[in-house]
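Structure record follows, encoded as structure tokens.
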Amino acid sequence: MAVFPSDEWFAAYVDRINGSADYREAAATWEGDLAFVFQAEPDRNVPDDIWGWLDLWHGECRAGRLVDPLEGEQARYVILAPYSRWKQVLAGDLDPIKGMMQGKLKLRGDLPTILRYVRAANELVQLTMSVPTEFIDELPHGWQAGRGEGGA
Amino acid sequence: MRAVVYEGIGSVSVRDVPDAKVEEPADAVVRVTTSAICGSDLHFFHGKAPLDPGETIGHEAVGIVESVGAAVERFRPGDRVVVAFDIACGTCWFCRSGQTQLCEDFRNLGAGIFGGGLGGAQAELVRVPLADTNLLAVPPGVEDERALFVGDVLTTGYYGAAISRIRGGDVVAVVGAGPVGFFCVQGALLHGAGEVLALEMDPERLALAERAGAVPIDVSARNAQTAVAERTEGRGADVVLEAVGHPAALESALDVVRRGGSVTVVGMYTSETVEIPVGIWWARALTVRFAGICPVHAWWERAMGEVVAGRIDPLPIVSHRLSLEDAPLGYELFDARRATKVLLVP
């Protein structure tokens with residue numbers, strides 16, 4: 001069980017992506033890395049923004065981990081939303097493409113390109129659900145993303 | 001006369017300057033009984049808007065007419081008046097249309113070359129051009145401190161709410177609970193809001209907004225979008241008033257408004273630039289309106305009426321009452337957000 005969001009969670013997610021024939025086919029021509037900003041919700045054990053990153057290329061995920069904001073800002077696409085919105089996405093309760101069009105998630109990058117890859121995006125969302133996940137806001141207070149208990 | 005003078009970025013002093021006097025037949029000179037430091041004064045204080053060292057500052061004032069020019073018809077020496085912070089001609093197409101902030105000859109008190117070179121109101125005397133247009137009589141029984149803000153910040157908040165097409169029962173979010181936000185809260189409630197959510201991180205300002213009738217939301221502890229969504233069945237606010245004047249506040253306003261909702265930008269901007277996702281705003285069918293500077297002349301009689309009736313209470317916003325001589329301290333406190341509103345008494 002990996003805590004979302006954490007490096008462990010991203011490692012498990014990368015494995016799932018690379019094991020998906022459906023994703024490989026849907027994203028066969030996709031080129032570009034993607035950063036995710038899980039925006040702070042102090043009342044949900046997320047005191048600061050957390051940045052995650054996936055290096056996606058031609059149906060393959062070449063790397064994925066938590067990154068610092070300076071690194072994340074370099075990604076070709078950045079998607080931002082409050083942490084709990086992402087939790088809705090992972091639960092299948094919020095379609096990320098619709099969420100972008102509704103202002104629930106914000107995209108920095110070329111929206112039409114993202115829209116052309118709806119199937120790949122949907123597959124990425126489906127794959128998150130296959131990762132055994134514990135959510136950071138459901139853990140005892142003091143657990144910090146990427147650093148574990150007490151920030152040690 | 002004594003007046004507050006801009007000395008350079010982050011510095012004001014109180015100095016002797018030549019007395020304000022009637023220069024044109026339509027002028028009045030007002031002996032200031034109380035003035036205030038406004039958030040927009042801080043734009044000059046920080047050098048974001050041009051003011052030369054030695055120029056006087058300030059534009060919120062109430063006082064007594066000291067002298068008038070021969071062409072002034074509505075006011076006489078001894079009248080109690082509040083001063084319009086923006087000086088309009090009152091006769092051009094925009095003024096006649098109620099958009100006095102777009103006046104062909106728009107000027108601003110205490111704003112240096114940007115405002116037409118008029119003196120500031122943080123002084124013992126202030127010259128008010130076109131007095132018949134730019135002064136409002138203070139009704140008997142209304143104390144100076146209640147009347148003062150009708151010339152600027154109170155009416156700005158009232159106007160911001162009035163132009164936002166609030167429908168009965170709407171959930172209105174006010175981003176920023178400083179002085180403008182405080183009056184936006186009251187204005188929104190008067191214009192039919194069912195619930196007003198005040199988004200702010202300063203505990204004192206949140207308490208003031210709550211006292212004015214808003215639901216306080218501490219955005220240092222809660223994500224604004226999530227908090228507003230929780231109170232609106234996930235939709236977002238029907239109407240948002242951005243009462244800060246900063247790109248981050250604008251972004252927050254757009255984060256919390258529902259699809260098909262409206263955002264009114266009341267806070268003041270100068271040279272900021274923001275990137276706009278036009279396609280997303282279009283898809284969300286948003287109405288985004290820039291209030292601009294408040295056309296105070298078109299709204300101040302209504303605003304004063306609300307004050308007289310007790311439906312708008314300006315006094316809770318006043319945190320400090322200082323002598324004019326202590327203006328540098330007032331600027332320091334206000335700039336550090338250790339004061340919500342500073343009054344200066346000559």
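Each chain in the structure tokens gets a letter, A, B, ..., in the order shown, and its residues are numbered from 1; ligands are numbered from 1 in order too.
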
Select all residues from chain B having any atom no more than 9 Å from an atom of chain A (counting only C-alpha atoms, ignoring ligands), output as a PyMOL selection string.
chain B and resi 220-226+254-259+277+279-281+283-284

Using the selection just defined, write its residues with C-alpha atoms as a PDB file, in the first residue's frame.
ATOM      1  CA  SER B 220      -4.461  29.902   5.361  1.00  0.00           C
ATOM      2  CA  ALA B 221      -6.074  26.789   6.794  1.00  0.00           C
ATOM      3  CA  ARG B 222      -8.438  25.809   3.998  1.00  0.00           C
ATOM      4  CA  ASN B 223      -8.221  25.599   0.231  1.00  0.00           C
ATOM      5  CA  ALA B 224     -10.544  28.315  -1.058  1.00  0.00           C
ATOM      6  CA  GLN B 225     -11.974  26.294  -3.930  1.00  0.00           C
ATOM      7  CA  THR B 226     -12.699  23.294  -1.755  1.00  0.00           C
ATOM      8  CA  LEU B 254     -11.786  32.386 -10.771  1.00  0.00           C
ATOM      9  CA  ASP B 255     -11.105  29.205  -8.806  1.00  0.00           C
ATOM     10  CA  VAL B 256     -14.166  29.612  -6.619  1.00  0.00           C
ATOM     11  CA  VAL B 257     -16.784  30.912  -9.057  1.00  0.00           C
ATOM     12  CA  ARG B 258     -19.271  28.398 -10.438  1.00  0.00           C
ATOM     13  CA  ARG B 259     -19.786  27.717 -14.135  1.00  0.00           C
ATOM     14  CA  PRO B 277      -7.122  30.846 -20.437  1.00  0.00           C
ATOM     15  CA  GLY B 279     -11.065  29.035 -23.904  1.00  0.00           C
ATOM     16  CA  ILE B 280     -11.694  27.785 -20.378  1.00  0.00           C
ATOM     17  CA  TRP B 281     -13.389  31.006 -19.306  1.00  0.00           C
ATOM     18  CA  ALA B 283     -16.418  27.196 -21.835  1.00  0.00           C
ATOM     19  CA  ARG B 284     -17.310  28.043 -18.245  1.00  0.00           C
TER      20      ARG B 284
END

Could you give me, as a PyMOL selection string, the residues within 7 Å of Gly64 in chain A, counting only C-alpha atoms and dropping anything in the same chain fewer than 2 positions from it?
chain A and resi 10-11+14+53-55

Take the residues from that selection and write them out as a PDB file, in the first residue's frame, keeping N, CA, C and O atoms.
ATOM      1  N   PHE A  10       4.154   6.981  -6.794  1.00  0.00           N
ATOM      2  CA  PHE A  10       4.472   7.235  -8.198  1.00  0.00           C
ATOM      3  C   PHE A  10       5.215   6.042  -8.820  1.00  0.00           C
ATOM      4  O   PHE A  10       4.990   5.695  -9.987  1.00  0.00           O
ATOM      5  N   ALA A  11       6.089   5.405  -8.034  1.00  0.00           N
ATOM      6  CA  ALA A  11       6.808   4.240  -8.572  1.00  0.00           C
ATOM      7  C   ALA A  11       5.820   3.130  -8.939  1.00  0.00           C
ATOM      8  O   ALA A  11       5.928   2.513 -10.025  1.00  0.00           O
ATOM      9  N   VAL A  14       3.921   4.203 -12.094  1.00  0.00           N
ATOM     10  CA  VAL A  14       4.735   4.063 -13.309  1.00  0.00           C
ATOM     11  C   VAL A  14       4.704   2.597 -13.774  1.00  0.00           C
ATOM     12  O   VAL A  14       4.548   2.309 -14.969  1.00  0.00           O
ATOM     13  N   TRP A  53       5.402  14.293 -10.888  1.00  0.00           N
ATOM     14  CA  TRP A  53       5.873  14.441 -12.280  1.00  0.00           C
ATOM     15  C   TRP A  53       5.932  13.085 -12.960  1.00  0.00           C
ATOM     16  O   TRP A  53       6.320  12.084 -12.351  1.00  0.00           O
ATOM     17  N   LEU A  54       5.493  13.061 -14.225  1.00  0.00           N
ATOM     18  CA  LEU A  54       5.584  11.862 -15.052  1.00  0.00           C
ATOM     19  C   LEU A  54       6.241  12.225 -16.378  1.00  0.00           C
ATOM     20  O   LEU A  54       5.866  13.231 -16.997  1.00  0.00           O
ATOM     21  N   ASP A  55       7.211  11.411 -16.769  1.00  0.00           N
ATOM     22  CA  ASP A  55       7.843  11.608 -18.074  1.00  0.00           C
ATOM     23  C   ASP A  55       7.212  10.608 -19.047  1.00  0.00           C
ATOM     24  O   ASP A  55       7.538   9.419 -19.022  1.00  0.00           O
TER      25      ASP A  55
END

Give me, please, the distance in Å between CA of Arg211 in chain B and CA of Leu241 in chain B, quoted to one decimal.
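Rounded to one decimal, the two atoms are 18.2 Å apart.
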
Please determine, counting only C-alpha atoms, which residue among B:Gly115, B:Pro203, B:Pro139, B:Gly236 has the shortest atom-to-atom distance to Val263 in chain B.
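Of B:Gly115, B:Pro203, B:Pro139, B:Gly236, the one nearest Val263 in chain B is B:Gly236, counting only C-alpha atoms.
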
Considering only strand (DSSP E) as DSSP defines it on the backbone, what residues of range 144-290 of chain B qualify? List them as a ChimeraX atom specification.
/B:171-175,195-200,215-218,237-242,257-265,287-290

Export, as a CSV table (one decimal), in the first residue's frame, the selected residues with C-alpha atoms.
chain,number,residue,atom,x,y,z
B,171,VAL,CA,-23.9,32.7,-2.6
B,172,VAL,CA,-21.4,35.5,-3.0
B,173,ALA,CA,-17.7,35.0,-2.2
B,174,VAL,CA,-15.6,38.1,-1.4
B,175,VAL,CA,-11.9,37.5,-1.9
B,195,GLU,CA,-24.9,34.0,2.0
B,196,VAL,CA,-21.6,35.8,1.8
B,197,LEU,CA,-18.3,33.9,2.2
B,198,ALA,CA,-15.3,36.0,3.1
B,199,LEU,CA,-12.0,34.5,2.0
B,200,GLU,CA,-9.1,35.9,3.9
B,215,VAL,CA,-19.2,33.4,6.8
B,216,PRO,CA,-15.4,33.6,7.5
B,217,ILE,CA,-13.2,31.2,5.6
B,218,ASP,CA,-9.6,31.2,6.7
B,237,ALA,CA,-20.1,30.7,-5.8
B,238,ASP,CA,-22.7,32.4,-7.9
B,239,VAL,CA,-20.9,35.7,-7.7
B,240,VAL,CA,-17.4,36.6,-6.6
B,241,LEU,CA,-16.1,40.0,-5.7
B,242,GLU,CA,-12.3,40.3,-5.9
B,257,VAL,CA,-16.8,30.9,-9.1
B,258,ARG,CA,-19.3,28.4,-10.4
B,259,ARG,CA,-19.8,27.7,-14.1
B,260,GLY,CA,-22.0,30.5,-15.5
B,261,GLY,CA,-21.1,32.7,-12.5
B,262,SER,CA,-19.7,36.1,-12.4
B,263,VAL,CA,-16.6,37.7,-11.1
B,264,THR,CA,-16.4,41.4,-10.4
B,265,VAL,CA,-12.9,42.8,-10.0
B,287,THR,CA,-18.9,36.9,-16.7
B,288,VAL,CA,-15.8,38.8,-15.7
B,289,ARG,CA,-16.3,42.5,-15.0
B,290,PHE,CA,-13.7,45.1,-14.1

Which of chain A fall in alpha helix (DSSP H), as a ChimeraX atom specification:
/A:7-18,21-26,69-72,83-90,96-101,111-116,118-128

Residue with the minimum atom-to-atom distance to Asp52 in chain B, picked from B:Ala71, B:Ile9, B:Val308, B:Met268 with only C-alpha atoms counted, is B:Ile9

Quick one: residues within 6 Å of Gly52 in chain A, only C-alpha atoms, excluding same-chain residues fewer than 5 positions away - as an MDAnalysis selection string?
chainID A and resid 35:36 65:67

Next, the residues of the selection above should be written as an mmCIF file, in the first residue's frame with C-alpha atoms.
data_model
loop_
_atom_site.group_PDB
_atom_site.id
_atom_site.type_symbol
_atom_site.label_atom_id
_atom_site.label_comp_id
_atom_site.auth_asym_id
_atom_site.auth_seq_id
_atom_site.Cartn_x
_atom_site.Cartn_y
_atom_site.Cartn_z
ATOM 1 C CA ALA A 35 3.536 17.759 -13.713
ATOM 2 C CA PHE A 36 0.751 17.535 -11.180
ATOM 3 C CA ARG A 65 8.289 10.855 -8.778
ATOM 4 C CA LEU A 66 7.681 13.810 -6.523
ATOM 5 C CA VAL A 67 9.636 16.860 -7.620
#

Polymer residues at most 10 Å from Leu125 in chain B, only C-alpha atoms, same-chain spacing of 3 or more positions, as a list in words:
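The filter keeps Met1, Arg2, Ala3, Pro18, Asp19, Ala20, Lys21, Val29, Val30, Arg31, Val32, Thr33, Ala61, Gly63, Ile64, Val65, Glu66, Gly119, Gly120, Ala121, Gln122, Val128 and Pro346 of chain B.
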
Residues from the last selection, all heavy atoms, saved as a compact mmCIF listing (two decimals), in the first residue's frame:
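So the final result, stored in part.txt, reads:
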# COMPACT_ATOMS: atom_id res chain seq x y z
N MET B 1 -0.07 75.37 5.84
CA MET B 1 -0.87 74.29 6.45
C MET B 1 0.00 73.05 6.57
O MET B 1 1.00 72.90 5.86
CB MET B 1 -2.10 73.98 5.59
CG MET B 1 -1.79 73.33 4.24
SD MET B 1 -3.29 72.85 3.33
CE MET B 1 -2.59 71.93 1.97
N ARG B 2 -0.40 72.14 7.45
CA ARG B 2 0.31 70.87 7.60
C ARG B 2 -0.32 69.84 6.65
O ARG B 2 -1.54 69.80 6.46
CB ARG B 2 0.20 70.37 9.04
CG ARG B 2 0.73 71.34 10.07
CD ARG B 2 2.24 71.44 10.01
NE ARG B 2 2.88 70.28 10.64
CZ ARG B 2 4.19 70.03 10.53
NH1 ARG B 2 4.97 70.82 9.81
NH2 ARG B 2 4.71 68.97 11.13
N ALA B 3 0.52 69.03 6.08
CA ALA B 3 0.03 68.02 5.12
C ALA B 3 0.99 66.84 5.11
O ALA B 3 2.18 66.98 5.39
CB ALA B 3 -0.08 68.62 3.72
N PRO B 18 2.21 75.15 1.24
CA PRO B 18 1.33 76.30 1.03
C PRO B 18 -0.13 75.94 1.25
O PRO B 18 -0.57 74.83 0.88
CB PRO B 18 1.60 76.68 -0.42
CG PRO B 18 2.97 76.15 -0.71
CD PRO B 18 3.08 74.89 0.09
N ASP B 19 -0.89 76.86 1.83
CA ASP B 19 -2.31 76.60 2.07
C ASP B 19 -3.04 76.31 0.76
O ASP B 19 -2.77 76.95 -0.26
CB ASP B 19 -2.97 77.84 2.70
CG ASP B 19 -2.72 77.90 4.20
OD1 ASP B 19 -2.00 77.02 4.72
OD2 ASP B 19 -3.25 78.84 4.84
N ALA B 20 -3.97 75.35 0.82
CA ALA B 20 -4.87 75.16 -0.31
C ALA B 20 -5.76 76.40 -0.41
O ALA B 20 -6.17 76.96 0.61
CB ALA B 20 -5.73 73.91 -0.07
N LYS B 21 -6.05 76.82 -1.64
CA LYS B 21 -6.89 78.01 -1.81
C LYS B 21 -7.76 77.85 -3.04
O LYS B 21 -7.49 76.99 -3.91
CB LYS B 21 -6.03 79.26 -1.91
CG LYS B 21 -5.06 79.24 -3.06
CD LYS B 21 -4.17 80.47 -3.04
CE LYS B 21 -3.22 80.42 -4.24
NZ LYS B 21 -2.25 81.49 -4.24
N VAL B 29 -12.62 75.13 -0.93
CA VAL B 29 -11.57 74.65 -0.04
C VAL B 29 -12.25 74.11 1.21
O VAL B 29 -13.13 74.76 1.79
CB VAL B 29 -10.57 75.77 0.31
CG1 VAL B 29 -9.64 75.33 1.44
CG2 VAL B 29 -9.76 76.15 -0.92
N VAL B 30 -11.87 72.91 1.56
CA VAL B 30 -12.49 72.23 2.70
C VAL B 30 -11.47 72.12 3.83
O VAL B 30 -10.32 71.71 3.59
CB VAL B 30 -12.98 70.82 2.29
CG1 VAL B 30 -13.47 70.04 3.51
CG2 VAL B 30 -14.06 70.92 1.23
N ARG B 31 -11.88 72.52 5.01
CA ARG B 31 -11.03 72.30 6.20
C ARG B 31 -11.29 70.88 6.67
O ARG B 31 -12.41 70.53 7.08
CB ARG B 31 -11.35 73.32 7.30
CG ARG B 31 -10.48 73.13 8.54
CD ARG B 31 -10.49 74.34 9.45
NE ARG B 31 -9.82 75.49 8.85
CZ ARG B 31 -8.50 75.68 8.81
NH1 ARG B 31 -7.69 74.77 9.34
NH2 ARG B 31 -7.99 76.75 8.23
N VAL B 32 -10.29 70.05 6.55
CA VAL B 32 -10.46 68.62 6.82
C VAL B 32 -10.59 68.40 8.33
O VAL B 32 -9.76 68.87 9.11
CB VAL B 32 -9.26 67.83 6.25
CG1 VAL B 32 -9.34 66.36 6.62
CG2 VAL B 32 -9.17 68.02 4.74
N THR B 33 -11.63 67.68 8.71
CA THR B 33 -11.78 67.31 10.12
C THR B 33 -11.27 65.89 10.37
O THR B 33 -10.78 65.59 11.46
CB THR B 33 -13.24 67.44 10.57
OG1 THR B 33 -14.08 66.76 9.63
CG2 THR B 33 -13.65 68.91 10.64
N ALA B 61 -11.59 62.16 2.72
CA ALA B 61 -11.68 63.24 3.72
C ALA B 61 -13.11 63.67 3.92
O ALA B 61 -13.95 63.61 3.02
CB ALA B 61 -10.84 64.44 3.28
N GLY B 63 -15.05 67.08 6.06
CA GLY B 63 -14.68 68.34 6.70
C GLY B 63 -15.76 69.41 6.54
O GLY B 63 -16.93 69.10 6.28
N ILE B 64 -15.31 70.64 6.70
CA ILE B 64 -16.22 71.79 6.66
C ILE B 64 -15.74 72.75 5.58
O ILE B 64 -14.53 73.06 5.51
CB ILE B 64 -16.25 72.49 8.04
CG1 ILE B 64 -16.81 71.52 9.09
CG2 ILE B 64 -17.06 73.77 7.99
CD1 ILE B 64 -16.63 71.98 10.52
N VAL B 65 -16.68 73.18 4.76
CA VAL B 65 -16.31 74.10 3.69
C VAL B 65 -15.75 75.38 4.30
O VAL B 65 -16.38 76.02 5.15
CB VAL B 65 -17.51 74.40 2.78
CG1 VAL B 65 -17.14 75.45 1.74
CG2 VAL B 65 -18.01 73.12 2.10
N GLU B 66 -14.56 75.73 3.85
CA GLU B 66 -13.87 76.92 4.37
C GLU B 66 -14.15 78.12 3.47
O GLU B 66 -14.44 79.21 3.95
CB GLU B 66 -12.36 76.64 4.41
CG GLU B 66 -11.51 77.77 4.91
CD GLU B 66 -11.27 77.70 6.41
OE1 GLU B 66 -11.92 76.87 7.08
OE2 GLU B 66 -10.45 78.47 6.90
N GLY B 119 -3.80 68.57 -4.91
CA GLY B 119 -3.22 68.30 -3.60
C GLY B 119 -3.89 67.13 -2.91
O GLY B 119 -4.96 66.66 -3.31
N GLY B 120 -3.25 66.66 -1.86
CA GLY B 120 -3.79 65.53 -1.12
C GLY B 120 -4.75 65.96 -0.02
O GLY B 120 -4.75 67.11 0.42
N ALA B 121 -5.53 64.99 0.42
CA ALA B 121 -6.56 65.26 1.44
C ALA B 121 -6.08 64.94 2.85
O ALA B 121 -6.78 65.24 3.81
CB ALA B 121 -7.82 64.47 1.13
N GLN B 122 -4.91 64.34 2.97
CA GLN B 122 -4.35 64.13 4.31
C GLN B 122 -3.62 65.42 4.68
O GLN B 122 -2.39 65.52 4.63
CB GLN B 122 -3.42 62.91 4.31
CG GLN B 122 -4.19 61.60 4.14
CD GLN B 122 -3.33 60.45 3.66
OE1 GLN B 122 -2.11 60.55 3.58
NE2 GLN B 122 -3.98 59.34 3.31
N VAL B 128 -10.92 71.43 -3.58
CA VAL B 128 -11.78 70.51 -4.34
C VAL B 128 -12.30 71.23 -5.57
O VAL B 128 -13.15 72.12 -5.47
CB VAL B 128 -12.96 70.01 -3.48
CG1 VAL B 128 -13.83 69.04 -4.28
CG2 VAL B 128 -12.46 69.35 -2.20
N PRO B 346 -6.42 66.24 11.81
CA PRO B 346 -5.52 67.41 11.87
C PRO B 346 -5.61 68.12 13.21
O PRO B 346 -6.67 68.12 13.85
CB PRO B 346 -6.03 68.32 10.75
CG PRO B 346 -6.80 67.43 9.84
CD PRO B 346 -7.40 66.35 10.71

Excluding same-chain residues fewer than 3 positions from Ala147 in chain B, what lies within 12 Å of it counting only C-alpha atoms, as a PyMOL selection string?
chain B and resi 33-36+60-63+80-84+135-144+150-155+300-301+303-308+310+312-315

Residues from the last selection, C-alpha atoms, saved as a CSV table (one decimal), in the first residue's frame:
chain,number,residue,atom,x,y,z
B,33,THR,CA,-11.8,67.3,10.1
B,34,THR,CA,-10.9,63.7,9.5
B,35,SER,CA,-9.0,62.0,6.6
B,36,ALA,CA,-8.0,58.3,6.2
B,60,GLU,CA,-10.4,60.3,1.7
B,61,ALA,CA,-11.7,63.2,3.7
B,62,VAL,CA,-14.6,64.8,5.5
B,63,GLY,CA,-14.7,68.3,6.7
B,80,ARG,CA,-20.3,69.7,6.4
B,81,VAL,CA,-19.2,67.7,3.4
B,82,VAL,CA,-17.5,64.5,2.3
B,83,VAL,CA,-15.0,64.8,-0.5
B,84,ALA,CA,-15.1,62.6,-3.7
B,135,LEU,CA,-18.7,67.3,-2.6
B,136,LEU,CA,-21.6,65.6,-0.9
B,137,ALA,CA,-23.4,67.2,2.0
B,138,VAL,CA,-23.3,65.2,5.2
B,139,PRO,CA,-26.8,64.8,6.6
B,140,PRO,CA,-27.4,66.2,10.1
B,141,GLY,CA,-26.7,63.6,12.8
B,142,VAL,CA,-24.2,61.6,10.8
B,143,GLU,CA,-20.8,61.8,12.5
B,144,ASP,CA,-17.7,62.5,10.5
B,150,VAL,CA,-18.8,57.4,1.6
B,151,GLY,CA,-16.4,59.4,-0.5
B,152,ASP,CA,-14.4,56.3,-1.3
B,153,VAL,CA,-14.0,52.9,0.2
B,154,LEU,CA,-17.5,52.4,1.5
B,155,THR,CA,-19.1,53.4,-1.8
B,300,TRP,CA,-22.7,58.0,-3.0
B,301,GLU,CA,-26.1,59.3,-2.3
B,303,ALA,CA,-24.5,54.7,0.0
B,304,MET,CA,-25.0,57.6,2.4
B,305,GLY,CA,-28.6,56.6,2.6
B,306,GLU,CA,-27.6,53.1,3.7
B,307,VAL,CA,-25.3,54.6,6.3
B,308,VAL,CA,-28.1,57.0,7.6
B,310,GLY,CA,-27.9,52.0,9.7
B,312,ILE,CA,-24.1,49.9,6.5
B,313,ASP,CA,-21.9,50.3,9.5
B,314,PRO,CA,-18.4,51.7,8.7
B,315,LEU,CA,-17.1,52.1,12.2

Which neighbours of range 90-97 of chain A fall inside 9 Å, counting only C-alpha atoms, when residues of the same chain fewer than 5 positions from it are skipped, and could you give them as a ChimeraX atom specification?
/A:85,102,104-105,114-115,118,121-122,125-129

If you count only C-alpha atoms, which residues fall within 12 Å of Arg116 in chain A, apart from same-chain ones fewer than 6 positions away, as a PyMOL selection string?
chain A and resi 26-27+29-30+97+110+122
